[in-house]
$ cat my_file.txt   # compact mmCIF, C-alpha atoms
# COMPACT_ATOMS: atom_id res chain seq x y z
CA MET A 103 2.54 -9.52 3.32
CA ASN A 104 3.63 -6.84 0.86
CA LEU A 105 7.42 -6.88 0.59
CA GLY A 106 9.50 -4.39 -1.33
CA LEU A 107 13.05 -3.96 -2.54
CA VAL A 108 14.73 -0.61 -3.14
CA THR A 109 15.80 -0.14 -6.77
CA ARG A 110 19.34 0.88 -5.80
CA SER A 111 19.81 -2.80 -4.93
CA LEU A 112 19.63 -3.47 -8.68
CA PRO A 113 22.08 -0.90 -10.14
CA ASN A 114 23.15 -3.06 -13.10
CA LEU A 115 19.63 -3.34 -14.52
CA ALA A 116 17.59 -0.94 -16.64
CA ASN A 117 14.24 0.12 -15.18
CA ARG A 118 12.35 -2.34 -17.38
CA GLU A 119 14.59 -5.17 -16.13
CA ALA A 120 14.38 -4.04 -12.50
CA ALA A 121 10.57 -3.91 -12.66
CA ALA A 122 10.50 -7.40 -14.18
CA PHE A 123 12.86 -8.71 -11.48
CA LEU A 124 10.71 -7.27 -8.70
CA ALA A 125 7.51 -8.70 -10.17
CA GLU A 126 9.05 -12.12 -10.88
CA HIS A 127 10.36 -12.39 -7.32
CA GLY A 128 7.12 -11.43 -5.61
CA PHE A 129 7.94 -7.89 -4.56
CA GLY A 130 4.89 -5.61 -4.52
CA CYS A 131 6.53 -2.25 -3.90
CA THR A 132 9.76 -0.34 -4.19
CA GLU A 133 11.56 2.83 -3.25
CA LEU A 134 12.56 4.21 -6.64
CA CYS A 135 16.02 5.73 -6.53
CA PHE A 136 16.62 6.48 -10.22
CA SER A 137 19.74 4.33 -9.92
CA GLN A 138 19.23 2.08 -12.93
CA THR A 139 21.47 1.96 -15.98
CA ASP A 140 18.99 4.07 -17.95
CA SER A 141 18.30 6.61 -15.18
CA LYS A 142 21.45 7.54 -13.25
CA TYR A 143 20.02 10.35 -11.12
CA TRP A 144 20.65 9.01 -7.60
CA VAL A 145 23.80 10.07 -5.74
CA TYR A 146 24.33 9.15 -2.12
CA ASN A 147 24.93 12.24 0.04
CA GLY A 148 24.93 14.50 -3.00
CA ARG A 149 22.96 15.27 -6.11
CA ALA A 150 22.81 14.43 -9.77
CA ASP A 151 22.06 16.60 -12.77
CA LEU A 152 18.30 16.22 -13.22
CA ALA A 153 18.10 18.21 -16.46
CA GLU A 154 17.27 15.09 -18.50
CA LEU A 155 14.77 13.79 -15.94
CA THR A 156 11.79 15.60 -17.37
CA ASP A 157 8.28 15.29 -15.99
CA ASP A 158 7.38 12.95 -18.85
CA ARG A 159 10.52 10.85 -18.39
CA CYS A 160 9.74 10.46 -14.69
CA ARG A 161 6.12 9.46 -15.41
CA SER A 162 7.39 6.91 -17.93
CA ILE A 163 9.83 5.37 -15.44
CA VAL A 164 7.17 5.21 -12.74
CA ALA A 165 4.74 3.60 -15.21
CA THR A 166 7.36 0.94 -16.00
CA TYR A 167 7.02 -0.34 -12.43
CA ARG A 168 3.31 0.23 -12.00
CA ASP A 169 2.57 -1.60 -15.26
CA ARG A 170 4.23 -4.66 -13.66
CA GLY A 171 2.11 -4.28 -10.51
CA ILE A 172 4.87 -2.68 -8.44
CA ALA A 173 3.75 0.20 -6.22
CA ILE A 174 6.24 3.02 -5.78
CA THR A 175 6.04 3.98 -2.14
CA ALA A 176 8.82 6.59 -2.22
CA LEU A 177 11.42 8.29 -4.35
CA GLY A 178 14.89 8.00 -2.86
CA CYS A 179 16.70 11.32 -2.64
CA PHE A 180 19.42 10.93 0.05
CA THR A 181 21.06 14.28 -0.51
CA ASN A 182 23.11 16.14 2.09
CA LEU A 183 20.86 18.45 4.09
CA ILE A 184 23.67 19.57 6.42
CA ASP A 185 26.37 20.45 3.87
CA PRO A 186 28.47 23.18 5.51
CA ASP A 187 29.01 24.91 2.16
CA GLU A 188 26.02 27.24 1.71
CA ASP A 189 26.06 27.04 -2.12
CA ALA A 190 26.24 23.24 -2.05
CA ARG A 191 23.42 23.03 0.50
CA ALA A 192 21.29 25.37 -1.62
CA ALA A 193 21.90 23.14 -4.64
CA ASN A 194 21.03 20.05 -2.55
CA LEU A 195 17.80 21.71 -1.40
CA ALA A 196 16.93 22.55 -5.02
CA TYR A 197 17.61 18.91 -5.94
CA PHE A 198 15.36 17.76 -3.09
CA THR A 199 12.64 20.17 -4.17
CA ARG A 200 12.79 18.81 -7.72
CA MET A 201 12.43 15.28 -6.34
CA LEU A 202 9.36 16.47 -4.40
CA GLN A 203 7.93 17.90 -7.62
CA LEU A 204 8.55 14.63 -9.45
CA ALA A 205 6.94 12.64 -6.64
CA SER A 206 3.91 14.92 -6.64
CA LEU A 207 3.31 14.77 -10.39
CA SER A 208 3.81 10.98 -10.41
CA GLY A 209 1.54 10.25 -7.46
CA VAL A 210 4.38 8.95 -5.28
CA PRO A 211 3.49 9.75 -1.65
CA TYR A 212 6.96 10.09 -0.09
CA VAL A 213 10.51 11.24 -0.76
CA ALA A 214 13.07 9.42 1.39
CA THR A 215 16.32 10.92 2.62
CA GLU A 216 18.90 10.87 5.36
CA CYS A 217 20.31 13.97 7.00
CA GLY A 218 23.63 13.78 5.17
CA PHE A 219 27.20 13.99 6.40
CA THR A 220 30.43 15.82 5.80
CA PRO A 221 32.91 13.50 4.07
CA GLY A 222 35.65 12.54 6.51
CA LYS A 223 33.41 13.38 9.48
CA ARG A 224 30.80 10.62 9.37
CA GLY A 225 28.80 9.97 12.52
CA VAL A 226 28.22 12.14 15.58
CA ASN A 227 30.99 14.69 15.96
CA ALA A 228 31.16 16.53 19.29
CA ASP A 229 32.67 19.61 17.66
CA SER A 230 29.81 20.11 15.20
CA TYR A 231 26.71 18.14 16.19
CA GLU A 232 24.78 21.13 17.56
CA ALA A 233 25.45 23.21 14.46
CA ASP A 234 24.70 20.20 12.21
CA PHE A 235 21.41 19.59 14.02
CA ALA A 236 20.41 23.25 13.68
CA ARG A 237 21.30 23.13 9.97
CA LEU A 238 19.27 19.94 9.55
CA ARG A 239 16.27 21.53 11.29
CA GLU A 240 16.52 24.54 8.98
CA SER A 241 16.80 22.34 5.88
CA LEU A 242 13.87 20.17 6.95
CA ALA A 243 11.75 23.27 7.49
CA ILE A 244 12.46 24.30 3.91
CA VAL A 245 11.70 20.89 2.37
CA THR A 246 8.61 20.27 4.50
CA ARG A 247 7.16 23.63 3.38
CA GLN A 248 7.82 22.58 -0.23
CA ALA A 249 6.31 19.13 0.40
CA ALA A 250 3.17 20.69 1.90
CA ARG A 251 2.89 23.08 -1.04
CA LEU A 252 3.17 20.17 -3.50
CA GLY A 253 0.79 17.93 -1.62
$ encode --input "my_file.txt" --output "structure tokens"
Amino acid sequence: MNLGLVTRSLPNLANREAAAFLAEHGFGCTELCFSQTDSKYWVYNGRADLAELTDDRCRSIVATYRDRGIAITALGCFTNLIDPDEDARAANLAYFTRMLQLASLSGVPYVATECGFTPGKRGVNADSYEADFARLRESLAIVTRQAARLG
């Protein structure tokens, strides 16, 4: 059985240490969230500044795990695809697209996410669920086109 552990479960370790932990404890795969002490690019329901996460930096981080025999099955994105603020949603979609690019160039087959939520309105809200669902559908159409383009 091939068991994995998401890297955001190890936020107090650097990537090198997280990869060693996974290998030493028998984990064969991970969802890489860029949540380690030396790669703070994962923000739940939001986005981080990815300016320093260059293509080469990403490849190096991915290699840190692969060199220890850990397969990276997905990059964790978890941005807000239903943000009601159009500028914020556009920025979230750009963040998601960059994560798709990084996955593609690193040979990572998936980018994981949730739909997102409006702070203070978590869960199903009768006053907005239809609009939120329509917004999610629109956002997913955008990111799936980008994912198809990037392979």
$ closest_residue --input "my_file.txt" --among "A:Leu202, A:Ala153, A:Ile174, A:Leu195" --to "Ile244 (chain A)" --atoms "all atoms listed in the file"
A:Leu195
$ residues_near_point --input "my_file.txt" --point "(6.5, -3.7, -11.4)" --cutoff "9 Å" --atoms "all atoms listed in the file" --output "NGL selection string"
:A and (118 or 120-126 or 129-132 or 165-174)
$ closest_residue --input "my_file.txt" --among "A:Asp234, A:Asp189, A:Asp140, A:Asp158" --to "Leu207 (chain A)" --atoms "all atoms listed in the file"
A:Asp158
$ residues_near_point --input "my_file.txt" --point "(3.3, 10.8, -15.3)" --cutoff "12 Å" --atoms "only C-alpha atoms" --output "PyMOL selection string"
chain A and resi 155-166+168+203-210
$ write_last_selection --input "my_file.txt" --atoms "C-alpha atoms" --output "tab-separated table (two decimals), in the coordinates of the input"
chain	number	residue	atom	x	y	z
A	155	LEU	CA	14.77	13.79	-15.94
A	156	THR	CA	11.79	15.60	-17.37
A	157	ASP	CA	8.28	15.29	-15.99
A	158	ASP	CA	7.38	12.95	-18.85
A	159	ARG	CA	10.52	10.85	-18.39
A	160	CYS	CA	9.74	10.46	-14.69
A	161	ARG	CA	6.12	9.46	-15.41
A	162	SER	CA	7.39	6.91	-17.93
A	163	ILE	CA	9.83	5.37	-15.44
A	164	VAL	CA	7.17	5.21	-12.74
A	165	ALA	CA	4.74	3.60	-15.21
A	166	THR	CA	7.36	0.94	-16.00
A	168	ARG	CA	3.31	0.23	-12.00
A	203	GLN	CA	7.93	17.90	-7.62
A	204	LEU	CA	8.55	14.63	-9.45
A	205	ALA	CA	6.94	12.64	-6.64
A	206	SER	CA	3.91	14.92	-6.64
A	207	LEU	CA	3.31	14.77	-10.39
A	208	SER	CA	3.81	10.98	-10.41
A	209	GLY	CA	1.54	10.25	-7.46
A	210	VAL	CA	4.38	8.95	-5.28
$ atom_distance --input "my_file.txt" --atom1 "CA of Leu115 (chain A)" --atom2 "CA of Ser137 (chain A)"
8.9 Å
$ closest_residue --input "my_file.txt" --among "A:Pro113, A:Gly253, A:Gly178, A:Gly128" --to "Glu216 (chain A)" --atoms "all atoms listed in the file"
A:Gly178
$ decode --input "my_file.txt" --residues "region 141-177 of chain A" --atoms "N, CA, C and O atoms" --output "PDB file, in the first residue's frame"
ATOM      1  N   SER A 141       9.799  27.519   2.089  1.00  0.00           N
ATOM      2  CA  SER A 141       8.956  27.738   0.890  1.00  0.00           C
ATOM      3  C   SER A 141       7.532  28.075   1.328  1.00  0.00           C
ATOM      4  O   SER A 141       6.614  27.297   1.160  1.00  0.00           O
ATOM      5  N   LYS A 142       7.347  29.250   1.859  1.00  0.00           N
ATOM      6  CA  LYS A 142       6.034  29.683   2.372  1.00  0.00           C
ATOM      7  C   LYS A 142       5.203  30.303   1.251  1.00  0.00           C
ATOM      8  O   LYS A 142       5.071  31.520   1.139  1.00  0.00           O
ATOM      9  N   TYR A 143       4.624  29.428   0.406  1.00  0.00           N
ATOM     10  CA  TYR A 143       3.837  29.894  -0.734  1.00  0.00           C
ATOM     11  C   TYR A 143       2.412  29.359  -0.709  1.00  0.00           C
ATOM     12  O   TYR A 143       1.678  29.528  -1.668  1.00  0.00           O
ATOM     13  N   TRP A 144       2.018  28.692   0.356  1.00  0.00           N
ATOM     14  CA  TRP A 144       0.685  28.107   0.460  1.00  0.00           C
ATOM     15  C   TRP A 144      -0.130  28.928   1.446  1.00  0.00           C
ATOM     16  O   TRP A 144       0.289  29.163   2.578  1.00  0.00           O
ATOM     17  N   VAL A 145      -1.298  29.392   0.996  1.00  0.00           N
ATOM     18  CA  VAL A 145      -2.202  30.159   1.845  1.00  0.00           C
ATOM     19  C   VAL A 145      -3.594  29.571   1.674  1.00  0.00           C
ATOM     20  O   VAL A 145      -4.110  29.508   0.553  1.00  0.00           O
ATOM     21  N   TYR A 146      -4.179  29.127   2.751  1.00  0.00           N
ATOM     22  CA  TYR A 146      -5.514  28.553   2.675  1.00  0.00           C
ATOM     23  C   TYR A 146      -6.529  29.620   2.307  1.00  0.00           C
ATOM     24  O   TYR A 146      -6.588  30.680   2.928  1.00  0.00           O
ATOM     25  N   ASN A 147      -7.320  29.361   1.266  1.00  0.00           N
ATOM     26  CA  ASN A 147      -8.392  30.240   0.804  1.00  0.00           C
ATOM     27  C   ASN A 147      -7.876  31.581   0.274  1.00  0.00           C
ATOM     28  O   ASN A 147      -8.609  32.554   0.214  1.00  0.00           O
ATOM     29  N   GLY A 148      -6.637  31.626  -0.116  1.00  0.00           N
ATOM     30  CA  GLY A 148      -6.079  32.875  -0.614  1.00  0.00           C
ATOM     31  C   GLY A 148      -4.946  32.606  -1.579  1.00  0.00           C
ATOM     32  O   GLY A 148      -4.986  31.654  -2.353  1.00  0.00           O
ATOM     33  N   ARG A 149      -3.918  33.423  -1.494  1.00  0.00           N
ATOM     34  CA  ARG A 149      -2.776  33.272  -2.382  1.00  0.00           C
ATOM     35  C   ARG A 149      -1.550  33.888  -1.725  1.00  0.00           C
ATOM     36  O   ARG A 149      -1.670  34.757  -0.861  1.00  0.00           O
ATOM     37  N   ALA A 150      -0.421  33.416  -2.161  1.00  0.00           N
ATOM     38  CA  ALA A 150       0.856  33.945  -1.692  1.00  0.00           C
ATOM     39  C   ALA A 150       1.550  34.635  -2.867  1.00  0.00           C
ATOM     40  O   ALA A 150       1.199  34.419  -4.027  1.00  0.00           O
ATOM     41  N   ASP A 151       2.546  35.418  -2.555  1.00  0.00           N
ATOM     42  CA  ASP A 151       3.377  36.023  -3.587  1.00  0.00           C
ATOM     43  C   ASP A 151       4.316  34.938  -4.111  1.00  0.00           C
ATOM     44  O   ASP A 151       5.144  34.410  -3.369  1.00  0.00           O
ATOM     45  N   LEU A 152       4.174  34.581  -5.367  1.00  0.00           N
ATOM     46  CA  LEU A 152       4.980  33.523  -5.963  1.00  0.00           C
ATOM     47  C   LEU A 152       6.198  34.054  -6.718  1.00  0.00           C
ATOM     48  O   LEU A 152       6.859  33.282  -7.420  1.00  0.00           O
ATOM     49  N   ALA A 153       6.507  35.325  -6.568  1.00  0.00           N
ATOM     50  CA  ALA A 153       7.607  35.928  -7.328  1.00  0.00           C
ATOM     51  C   ALA A 153       8.933  35.190  -7.109  1.00  0.00           C
ATOM     52  O   ALA A 153       9.717  35.033  -8.046  1.00  0.00           O
ATOM     53  N   GLU A 154       9.191  34.728  -5.899  1.00  0.00           N
ATOM     54  CA  GLU A 154      10.444  34.037  -5.613  1.00  0.00           C
ATOM     55  C   GLU A 154      10.394  32.547  -5.932  1.00  0.00           C
ATOM     56  O   GLU A 154      11.428  31.875  -5.915  1.00  0.00           O
ATOM     57  N   LEU A 155       9.217  32.028  -6.260  1.00  0.00           N
ATOM     58  CA  LEU A 155       9.089  30.615  -6.616  1.00  0.00           C
ATOM     59  C   LEU A 155       9.282  30.483  -8.126  1.00  0.00           C
ATOM     60  O   LEU A 155       8.350  30.352  -8.898  1.00  0.00           O
ATOM     61  N   THR A 156      10.541  30.554  -8.520  1.00  0.00           N
ATOM     62  CA  THR A 156      10.892  30.458  -9.930  1.00  0.00           C
ATOM     63  C   THR A 156      10.727  29.016 -10.408  1.00  0.00           C
ATOM     64  O   THR A 156      10.588  28.090  -9.595  1.00  0.00           O
ATOM     65  N   ASP A 157      10.768  28.837 -11.711  1.00  0.00           N
ATOM     66  CA  ASP A 157      10.701  27.494 -12.272  1.00  0.00           C
ATOM     67  C   ASP A 157      11.810  26.616 -11.687  1.00  0.00           C
ATOM     68  O   ASP A 157      11.562  25.480 -11.280  1.00  0.00           O
ATOM     69  N   ASP A 158      13.026  27.156 -11.645  1.00  0.00           N
ATOM     70  CA  ASP A 158      14.152  26.382 -11.113  1.00  0.00           C
ATOM     71  C   ASP A 158      13.993  26.076  -9.638  1.00  0.00           C
ATOM     72  O   ASP A 158      14.316  24.979  -9.192  1.00  0.00           O
ATOM     73  N   ARG A 159      13.501  27.030  -8.874  1.00  0.00           N
ATOM     74  CA  ARG A 159      13.272  26.804  -7.437  1.00  0.00           C
ATOM     75  C   ARG A 159      12.245  25.698  -7.239  1.00  0.00           C
ATOM     76  O   ARG A 159      12.398  24.830  -6.391  1.00  0.00           O
ATOM     77  N   CYS A 160      11.174  25.729  -8.015  1.00  0.00           N
ATOM     78  CA  CYS A 160      10.150  24.691  -7.926  1.00  0.00           C
ATOM     79  C   CYS A 160      10.740  23.326  -8.257  1.00  0.00           C
ATOM     80  O   CYS A 160      10.526  22.354  -7.521  1.00  0.00           O
ATOM     81  N   ARG A 161      11.487  23.235  -9.358  1.00  0.00           N
ATOM     82  CA  ARG A 161      12.104  21.959  -9.745  1.00  0.00           C
ATOM     83  C   ARG A 161      13.019  21.448  -8.634  1.00  0.00           C
ATOM     84  O   ARG A 161      13.059  20.250  -8.360  1.00  0.00           O
ATOM     85  N   SER A 162      13.738  22.351  -8.001  1.00  0.00           N
ATOM     86  CA  SER A 162      14.648  21.971  -6.919  1.00  0.00           C
ATOM     87  C   SER A 162      13.878  21.416  -5.718  1.00  0.00           C
ATOM     88  O   SER A 162      14.281  20.402  -5.125  1.00  0.00           O
ATOM     89  N   ILE A 163      12.785  22.060  -5.359  1.00  0.00           N
ATOM     90  CA  ILE A 163      11.960  21.581  -4.238  1.00  0.00           C
ATOM     91  C   ILE A 163      11.377  20.209  -4.569  1.00  0.00           C
ATOM     92  O   ILE A 163      11.427  19.284  -3.752  1.00  0.00           O
ATOM     93  N   VAL A 164      10.835  20.070  -5.753  1.00  0.00           N
ATOM     94  CA  VAL A 164      10.263  18.784  -6.169  1.00  0.00           C
ATOM     95  C   VAL A 164      11.338  17.698  -6.134  1.00  0.00           C
ATOM     96  O   VAL A 164      11.103  16.585  -5.646  1.00  0.00           O
ATOM     97  N   ALA A 165      12.534  18.010  -6.620  1.00  0.00           N
ATOM     98  CA  ALA A 165      13.639  17.042  -6.627  1.00  0.00           C
ATOM     99  C   ALA A 165      14.033  16.632  -5.209  1.00  0.00           C
ATOM    100  O   ALA A 165      14.437  15.479  -4.989  1.00  0.00           O
ATOM    101  N   THR A 166      13.886  17.530  -4.263  1.00  0.00           N
ATOM    102  CA  THR A 166      14.201  17.209  -2.863  1.00  0.00           C
ATOM    103  C   THR A 166      13.391  16.004  -2.394  1.00  0.00           C
ATOM    104  O   THR A 166      13.913  15.131  -1.690  1.00  0.00           O
ATOM    105  N   TYR A 167      12.140  15.944  -2.780  1.00  0.00           N
ATOM    106  CA  TYR A 167      11.271  14.823  -2.399  1.00  0.00           C
ATOM    107  C   TYR A 167      11.543  13.597  -3.265  1.00  0.00           C
ATOM    108  O   TYR A 167      11.687  12.480  -2.754  1.00  0.00           O
ATOM    109  N   ARG A 168      11.616  13.814  -4.552  1.00  0.00           N
ATOM    110  CA  ARG A 168      11.827  12.678  -5.457  1.00  0.00           C
ATOM    111  C   ARG A 168      13.155  11.977  -5.183  1.00  0.00           C
ATOM    112  O   ARG A 168      13.241  10.756  -5.305  1.00  0.00           O
ATOM    113  N   ASP A 169      14.172  12.755  -4.832  1.00  0.00           N
ATOM    114  CA  ASP A 169      15.478  12.160  -4.518  1.00  0.00           C
ATOM    115  C   ASP A 169      15.416  11.247  -3.302  1.00  0.00           C
ATOM    116  O   ASP A 169      16.279  10.386  -3.129  1.00  0.00           O
ATOM    117  N   ARG A 170      14.407  11.424  -2.460  1.00  0.00           N
ATOM    118  CA  ARG A 170      14.193  10.563  -1.286  1.00  0.00           C
ATOM    119  C   ARG A 170      13.173   9.465  -1.572  1.00  0.00           C
ATOM    120  O   ARG A 170      12.735   8.766  -0.670  1.00  0.00           O
ATOM    121  N   GLY A 171      12.755   9.351  -2.844  1.00  0.00           N
ATOM    122  CA  GLY A 171      11.803   8.314  -3.228  1.00  0.00           C
ATOM    123  C   GLY A 171      10.351   8.674  -2.988  1.00  0.00           C
ATOM    124  O   GLY A 171       9.479   7.808  -3.015  1.00  0.00           O
ATOM    125  N   ILE A 172      10.074   9.952  -2.769  1.00  0.00           N
ATOM    126  CA  ILE A 172       8.712  10.413  -2.501  1.00  0.00           C
ATOM    127  C   ILE A 172       8.108  10.959  -3.793  1.00  0.00           C
ATOM    128  O   ILE A 172       8.611  11.926  -4.369  1.00  0.00           O
ATOM    129  N   ALA A 173       7.035  10.338  -4.253  1.00  0.00           N
ATOM    130  CA  ALA A 173       6.333  10.834  -5.439  1.00  0.00           C
ATOM    131  C   ALA A 173       5.467  12.032  -5.043  1.00  0.00           C
ATOM    132  O   ALA A 173       4.848  12.034  -3.978  1.00  0.00           O
ATOM    133  N   ILE A 174       5.435  13.019  -5.906  1.00  0.00           N
ATOM    134  CA  ILE A 174       4.566  14.169  -5.672  1.00  0.00           C
ATOM    135  C   ILE A 174       3.346  13.988  -6.571  1.00  0.00           C
ATOM    136  O   ILE A 174       3.434  14.113  -7.787  1.00  0.00           O
ATOM    137  N   THR A 175       2.232  13.658  -5.937  1.00  0.00           N
ATOM    138  CA  THR A 175       1.023  13.358  -6.693  1.00  0.00           C
ATOM    139  C   THR A 175       0.226  14.611  -7.038  1.00  0.00           C
ATOM    140  O   THR A 175      -0.564  14.591  -7.975  1.00  0.00           O
ATOM    141  N   ALA A 176       0.431  15.694  -6.291  1.00  0.00           N
ATOM    142  CA  ALA A 176      -0.307  16.931  -6.548  1.00  0.00           C
ATOM    143  C   ALA A 176       0.400  18.101  -5.889  1.00  0.00           C
ATOM    144  O   ALA A 176       1.117  17.928  -4.893  1.00  0.00           O
ATOM    145  N   LEU A 177       0.185  19.283  -6.453  1.00  0.00           N
ATOM    146  CA  LEU A 177       0.536  20.529  -5.776  1.00  0.00           C
ATOM    147  C   LEU A 177      -0.741  21.036  -5.129  1.00  0.00           C
ATOM    148  O   LEU A 177      -1.803  21.041  -5.756  1.00  0.00           O
TER     149      LEU A 177
END
